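First the structure, in the form of structure tokens, and then the observations on it.
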Amino acid sequence: MAKTYYEVLGVAQTASFDEIKRAFRIKAKDCHPDHHAGDPVAEKQFKELAEAYEVLKDDQKRATYDRIGHEAFVNGMGNSAFSGGFGGFDFSGTGFEDIFAEMFGMARGRPKNKKARGEDIRLDLGLTLDEAYHGIKKTVTLNTYSPCAKCGGLGGKRLDTCATCGGAGVVRQRQGFFVVETTCPVCHGTGKAVQEPCADCRGTGRVRQKRDVEIDIPAGVDTGVRMRLAGEGDVAPNGGDRGDVYVFLNVKPHALFKREGNDLYIEVPVPMTTATLGGKVFVPTMNGKGQEYDVKAGLQSGTEVKLKGFGMPVLRGDRYGDLYVRFRVETPTNLSAEQKELLRQFDGAGKKNSSLCEDFKNLVSKIFS
Ligand SMILES: [Zn+2]
Ligand SMILES: [Zn+2]
């Protein structure tokens with residue numbers, strides 16, 4: 001289990017921003033690359049610290065981290081092999097540069113006009129095993145903040161420069177060695193001031209709106225798999241970017257098959273006569289076709305066989321798991337008088353057929369004699 005970002009910084013999960021900042025400053029000094037040039041251990045430690053700080057210093061990222069968990073942040077999609085359209089969190093680009101700038105109180109050129117980003121949204125989605133087997137496109141309705149149509153997401157008319165940030169969209173505060181840069185709380189990063197708030201959105205530039213989004217769920221997903229729909233979450237106030245939607249999948253139990261990872265398990269009843277004499281038994285399979293299985297004479301209840309490749313498809317792979325079939329021999333009930341008589345004749349027909357029962361009897365008498 002990897003360390004959580006809180007553990008990396010050595011702070012409690014309830015730590016305030018100041019506590020987090022202090023912990024980062026103290027720890028980062030100890031392993032800063034300037035003092036440990038060419039030391040891979042210090043470098044790794046510094047990177048871990050920077051990554052943890054990058055997330056925890058940002059209220060929004062921290063909230064997402066608390067809600068979605070460490071694994072989702074570090075591996076993007078947990079252990080699943082998602083790639084392409086659904087990425088994990090992306091720290092490239094801004095993160096480390098910002099941290100260096102903060103560390104040294106240096107602005108690297110003009111400060112970026114940071115656009116605020118809307119909230120991430122969690123969506124729980126149930127699937128049948130059949131849907132998980134084949135993969136499916138599902139349309140879901142999201143009720144998210146969208147740009148207000150009346151004011152075009154600007155929050156109102158007559159846009160002047162924001163007095164708080166002077167139009168930069170960010171406010172920077174020097175705190176000793178550090179310069180802390182945050183999105184302007186007044187204009188939410190737009191750099192503009194609204195003079196006449198829009199009536200529809202009360203100046204926020206966004207309204208709740210239902211939208212249909214199609215989710216392409218690949219074959220092989222299981223409960224616990226999360227999918228990220230980048231840029232489908234809430235839009236930020238006053239024309240910011242959208243957050244993401246995290247889809248948490250839950251595959252419901254199946255009436256016939258039990259699933260463990262990529263393997264499936266099924267119990268198939270076999271008539272006593274087929275088990276005794278041998279014959280064909282129909283085994284259902286997830287591909288809907290089923291298999292005629294040749295049961296050899298003398299099949300015992302509880303016998304398990306593996307049908308290779310008849311399990312679940314491996315997520316983003318081209319293999320399949322296996323199907324484990326457990327046969328359960330059915331003892332007949334409600335016999336007619338004629339059937340009972342036939343069985344009595346069978347029992348008295350001379351030759352002893354049972355070896356299991358004889359072996360068991362012998363073992364019992366040996367132990368208790
Ligand atoms: Zn509006
Ligand atoms: Zn501002």
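Here, A, B, ... name the chains of the structure tokens in the order displayed, residue numbers run from 1 inside each chain, and ligands are numbered from 1 in the same displayed order.
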Non-local contacts of A:Val207 (6 Å; only C-alpha atoms; under 4 positions in same chain excluded) as a PyMOL selection string: chain A and resi 145-146+148+201
Which residues of chain A come within 10 Å of ligand 1, and what is each one's closest atom pair and distance in Å (one decimal), counting only C-alpha atoms and all ligand atoms, sorted by chain and residue number, as a Markdown table?
```
| residue | atom | partner | partner_atom_place_in_ligand_line | distance |
| --- | --- | --- | --- | --- |
| A:Pro147 | CA | ligand 1 | 1 (Zn) | 7.7 |
| A:Cys148 | CA | ligand 1 | 1 (Zn) | 4.5 |
| A:Ala149 | CA | ligand 1 | 1 (Zn) | 6.4 |
| A:Lys150 | CA | ligand 1 | 1 (Zn) | 5.0 |
| A:Cys151 | CA | ligand 1 | 1 (Zn) | 4.1 |
| A:Gly152 | CA | ligand 1 | 1 (Zn) | 6.5 |
| A:Gly153 | CA | ligand 1 | 1 (Zn) | 5.8 |
| A:Leu154 | CA | ligand 1 | 1 (Zn) | 6.6 |
| A:Gly155 | CA | ligand 1 | 1 (Zn) | 4.7 |
| A:Gly156 | CA | ligand 1 | 1 (Zn) | 6.0 |
| A:Lys157 | CA | ligand 1 | 1 (Zn) | 9.2 |
| A:Pro197 | CA | ligand 1 | 1 (Zn) | 7.5 |
| A:Cys198 | CA | ligand 1 | 1 (Zn) | 4.5 |
| A:Ala199 | CA | ligand 1 | 1 (Zn) | 6.3 |
| A:Asp200 | CA | ligand 1 | 1 (Zn) | 4.9 |
| A:Cys201 | CA | ligand 1 | 1 (Zn) | 4.2 |
| A:Arg202 | CA | ligand 1 | 1 (Zn) | 6.5 |
| A:Gly203 | CA | ligand 1 | 1 (Zn) | 5.9 |
| A:Thr204 | CA | ligand 1 | 1 (Zn) | 6.7 |
| A:Gly205 | CA | ligand 1 | 1 (Zn) | 4.6 |
| A:Arg206 | CA | ligand 1 | 1 (Zn) | 6.3 |
| A:Val207 | CA | ligand 1 | 1 (Zn) | 7.6 |
| A:Asn238 | CA | ligand 1 | 1 (Zn) | 8.8 |
```
Selection as a ChimeraX atom specification: residues within 6 Å of ligand 2 by only C-alpha atoms and all ligand atoms: /A:162,164-165,167,169,184,186-187,189,191
Atom pair atom CA of A:Val270 / atom CA of A:Tyr324: separation (Å): 15.4 Å
Top pick for closest residue to A:Tyr246, considering A:Ala50, A:Leu229, A:Val41, A:Leu356 and counting only C-alpha atoms: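 Comparing A:Ala50, A:Leu229, A:Val41, A:Leu356 against A:Tyr246, the winner is A:Leu229.
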Go through stretch 266-367 of chain A residue by residue and, counting only C-alpha atoms, keep those with an atom at most 8 Å from stretch 119-133 of chain A; for each kept residue give the shortest atom pair and its distance in Å to one decimal, ordered by chain and increasing number, as a tab-separated table.
```
residue	atom	partner	partner_atom	distance
A:Met286	CA	A:Asp130	CA	7.2
A:Met312	CA	A:Tyr133	CA	5.9
A:Pro313	CA	A:Tyr133	CA	6.4
```
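Between atom CA of A:Gly239 and atom CA of A:Arg172 lies a distance of 21.5 Å.
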Among the residues A:Phe257, A:Phe24, A:Tyr320, A:Tyr265, the one that comes closest to A:Leu49 [using only C-alpha atoms]: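 Checking each candidate against A:Leu49, we get A:Phe24 as the closest.
When atom CA of A:Leu9 is paired with atom CA of A:Arg67, their separation reads 18.7 Å.
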Non-local contacts of A:Gly302 (10 Å; only C-alpha atoms; under 6 positions in same chain excluded) as a list in words: Glu267, Val268, Pro269, Val325, Arg326, Phe327, Arg328 and Val329 of chain A
